[in-house]
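Text of the file data-v2.csv, holding CSV, C-alpha atoms:
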chain,number,residue,atom,x,y,z
Z,5,MET,CA,38.5,-6.7,178.6
Z,6,ASP,CA,40.1,-6.1,182.0
Z,7,GLY,CA,43.8,-5.7,182.4
Z,8,ILE,CA,46.5,-4.2,180.2
Z,9,LEU,CA,46.6,-4.8,176.5
Z,10,ARG,CA,50.1,-5.1,175.3
Z,11,GLY,CA,50.9,-6.0,171.8
Z,12,ILE,CA,50.0,-5.3,168.2
Z,13,SER,CA,47.0,-5.6,165.9
Z,14,TYR,CA,46.6,-6.1,162.2
Z,15,PHE,CA,43.9,-7.0,159.7
Z,16,GLY,CA,44.5,-10.5,158.3
Z,17,PRO,CA,44.0,-11.6,154.7
Z,18,ASP,CA,40.5,-12.9,155.9
Z,19,LYS,CA,39.6,-9.2,156.7
Z,20,LEU,CA,39.4,-10.1,160.5
Z,21,LEU,CA,41.2,-7.9,163.1
Z,22,TYR,CA,43.9,-9.8,165.0
Z,23,MET,CA,45.4,-8.6,168.2
Z,24,SER,CA,48.1,-10.0,170.4
Z,25,VAL,CA,47.5,-9.6,174.2
Z,26,GLY,CA,50.5,-10.0,176.5
Z,27,THR,CA,50.5,-11.3,180.0
Z,28,PRO,CA,50.5,-9.1,183.1
Z,29,CYS,CA,53.2,-11.2,184.7
Z,30,ASN,CA,56.5,-13.0,184.1
Z,31,THR,CA,55.6,-16.7,184.9
Z,32,CYS,CA,52.1,-16.6,186.4
Z,33,TYR,CA,49.1,-18.5,185.1
Z,34,PRO,CA,47.1,-15.6,183.4
Z,35,GLU,CA,43.7,-16.7,184.6
Z,36,ASP,CA,45.1,-16.2,188.2
Z,37,GLN,CA,45.4,-12.5,187.7
Z,38,THR,CA,42.1,-10.7,187.0
Z,39,CYS,CA,39.8,-13.1,185.2
Z,40,ASP,CA,36.7,-14.7,186.6
Z,41,THR,CA,36.8,-17.6,184.2
Z,42,ALA,CA,39.2,-18.9,181.6
Z,43,ASP,CA,36.7,-18.0,178.9
Z,44,GLU,CA,36.7,-14.4,179.9
Z,45,CYS,CA,40.4,-13.9,180.0
Z,46,PHE,CA,42.5,-12.9,176.9
Z,47,PHE,CA,45.9,-12.6,178.6
Z,48,GLY,CA,48.6,-14.5,176.7
Z,49,THR,CA,46.6,-14.9,173.5
Z,50,ILE,CA,46.2,-13.8,169.9
Z,51,ILE,CA,42.5,-12.9,169.5
Z,52,ARG,CA,40.5,-12.0,166.4
Z,53,THR,CA,37.2,-10.3,165.5
Z,54,ASN,CA,35.1,-9.3,162.6
Z,55,VAL,CA,34.8,-5.5,163.1
Z,56,SER,CA,32.3,-5.2,160.2
Z,57,SER,CA,29.7,-7.3,162.1
Z,58,ILE,CA,29.7,-5.1,165.2
Z,59,SER,CA,26.6,-2.9,165.5
Z,60,GLY,CA,25.3,-0.5,168.2
Z,61,SER,CA,28.0,1.1,170.3
Z,62,ASN,CA,31.5,1.6,169.0
Z,63,MET,CA,32.9,-0.6,171.7
Z,64,LEU,CA,34.1,-4.2,171.3
Z,65,THR,CA,33.0,-6.5,174.1
Z,66,GLU,CA,34.5,-9.8,175.2
Z,67,SER,CA,31.9,-11.7,173.2
Z,68,ASP,CA,33.0,-10.1,170.0
Z,69,TRP,CA,36.4,-11.8,170.1
Z,70,GLU,CA,37.6,-15.3,169.4
Z,71,VAL,CA,40.8,-16.7,170.9
Z,72,TYR,CA,42.8,-17.7,167.9
Z,73,ALA,CA,45.9,-19.0,169.8
Z,74,LYS,CA,46.8,-19.1,173.6
Z,75,GLY,CA,49.7,-19.9,175.8
Z,76,ILE,CA,51.7,-17.0,174.4
Z,77,ARG,CA,53.6,-14.8,176.9
Z,78,ASN,CA,54.1,-11.7,174.7
Z,79,SER,CA,54.0,-11.6,171.0
Z,80,VAL,CA,55.5,-8.4,169.5
Z,81,GLY,CA,55.2,-9.4,165.9
Z,82,PHE,CA,53.1,-11.6,163.6
Z,83,ASP,CA,52.4,-11.9,159.9
Z,84,TRP,CA,50.8,-14.2,157.4
Z,85,GLN,CA,52.6,-16.4,155.0
Z,86,ARG,CA,50.4,-15.5,152.1
Z,87,ARG,CA,51.7,-17.9,149.5
Z,88,THR,CA,50.1,-20.9,151.2
Z,89,ARG,CA,46.7,-22.2,150.6
Z,90,LYS,CA,45.2,-20.9,153.9
Z,91,SER,CA,47.6,-17.9,154.6
Z,92,ASP,CA,49.3,-19.4,157.6
Z,93,LEU,CA,50.0,-17.1,160.6
Z,94,TRP,CA,53.5,-16.9,162.2
Z,95,PHE,CA,54.3,-15.0,165.4
Z,96,THR,CA,57.1,-14.2,167.7
Z,97,ASP,CA,56.9,-15.0,171.4
Z,98,ASN,CA,59.2,-13.3,173.9
Z,99,GLY,CA,60.6,-15.7,176.5
Z,100,ARG,CA,60.1,-15.0,180.2
Z,101,ASP,CA,62.7,-13.0,182.2
Z,102,TRP,CA,65.1,-13.7,185.0
Z,103,TRP,CA,66.3,-17.2,184.1
Z,104,GLY,CA,69.6,-16.1,182.7
Z,105,ASP,CA,70.9,-15.1,179.3
Z,106,ASP,CA,68.8,-16.5,176.5
Z,107,ARG,CA,66.9,-18.9,178.9
Z,108,PRO,CA,64.3,-19.6,177.8
Z,109,PRO,CA,64.9,-18.5,174.3
Z,110,CYS,CA,62.4,-16.4,172.4
Z,111,GLU,CA,60.4,-18.2,169.7
Z,112,VAL,CA,58.9,-18.0,166.3
Z,113,ASN,CA,55.8,-20.1,166.1
Z,114,HIS,CA,53.3,-21.2,163.4
Z,115,ILE,CA,49.6,-21.5,164.3
Z,116,GLY,CA,48.3,-24.8,162.9
Z,117,GLU,CA,44.7,-24.7,164.2
Z,118,VAL,CA,42.4,-22.3,166.0
Z,119,GLY,CA,42.8,-22.5,169.8
Z,120,GLU,CA,46.2,-24.0,169.7
Z,121,HIS,CA,48.2,-23.7,173.0
Z,122,PHE,CA,51.9,-22.7,172.8
Z,123,GLY,CA,52.9,-23.6,176.4
Z,124,PHE,CA,53.1,-20.4,178.5
Z,125,PRO,CA,53.4,-20.5,181.5
Z,126,PHE,CA,54.1,-24.2,181.7
Z,127,CYS,CA,57.0,-24.3,179.2
Z,128,GLY,CA,58.8,-22.1,176.8
Z,129,ALA,CA,60.7,-23.3,173.7
Z,130,ASP,CA,62.3,-26.5,175.0
Z,131,ILE,CA,62.2,-25.7,178.7
Z,132,LEU,CA,59.7,-26.7,181.3
Z,133,ALA,CA,58.8,-23.9,183.6
Z,134,ARG,CA,56.8,-25.6,186.3
Please express the file's structure as structure tokens.
Amino acid sequence: MDGILRGISYFGPDKLLYMSVGTPCNTCYPEDQTCDTADECFFGTIIRTNVSSISGSNMLTESDWEVYAKGIRNSVGFDWQRRTRKSDLWFTDNGRDWWGDDRPPCEVNHIGEVGEHFGFPFCGADILAR
């Protein structure tokens, strides 16, 4: 993966490794930065992989990861609500800077389905950005 990985990683209840990947910018479209195609870019996502299925080198490649959620500026915390049937994932998302105090607000979100988009950079919380 090109770029800077910012965020956290945890093993989920499904034994997959989850990692949050922040964006390299405040309000840019992440694919505009260093990615050749949207499929190759993990900026602004939570990604996951099965580390036990990786063989050969000790390096993870882009094809080893799945985008679990996207449109996330910078998640600095996530965890699973384990008392639910499918162990729902909840995460924080830091709002963008320089719009004034608490604008847009930071968020706590719930991932309802794989690949769900949470709005960055087009909107944040209840505010349209572009």
Straight-line distance linking CA of Ile12 in chain Z with CA of Thr31 in chain Z, stated in Å to one decimal
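So the two atoms, CA of Ile12 in chain Z and CA of Thr31 in chain Z, lie 21.0 Å apart.
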Extract, using all atoms listed in the file, all DNA, RNA and protein residues at most 6 Å from Gly48 in chain Z, discarding same-chain residues fewer than 3 positions from it, and format them as a count of residues only.
7
Tell me, in Å to one decimal, how far CA of Leu20 in chain Z is from CA of Asn98 in chain Z.
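Pair CA of Leu20 in chain Z / CA of Asn98 in chain Z returns 24.1 Å.
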Can you work out which one of Z:Ser67, Z:Ser91, Z:Asn113, Z:Thr53 has the shortest atom-to-atom distance to Ser13 in chain Z, counting only C-alpha atoms?
Z:Thr53
Given all atoms listed in the file as the basis, pick out the residue of Z:Pro17, Z:Gly123, Z:Gly116, Z:Pro109 nearest to Thr49 in chain Z.
Z:Gly123
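The space separating CA of Asp68 in chain Z from CA of Ile51 in chain Z comes to 9.9 Å.
Within the 8 Å cut-off around Glu120 in chain Z, using only C-alpha atoms and omitting residues fewer than 5 positions from it on the same chain, the listed residues are Z:Tyr72, Z:Ala73, Z:Lys74, Z:Ile115.
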Would you kindly return, as a ChimeraX atom specification, each protein, DNA or RNA residue with an atom no farther than 12 Å from any atom of Phe15 in chain Z, considering all atoms listed in the file and excluding same-chain residues fewer than 2 positions away?
/Z:12-13,17-24,51-56,82-84,93
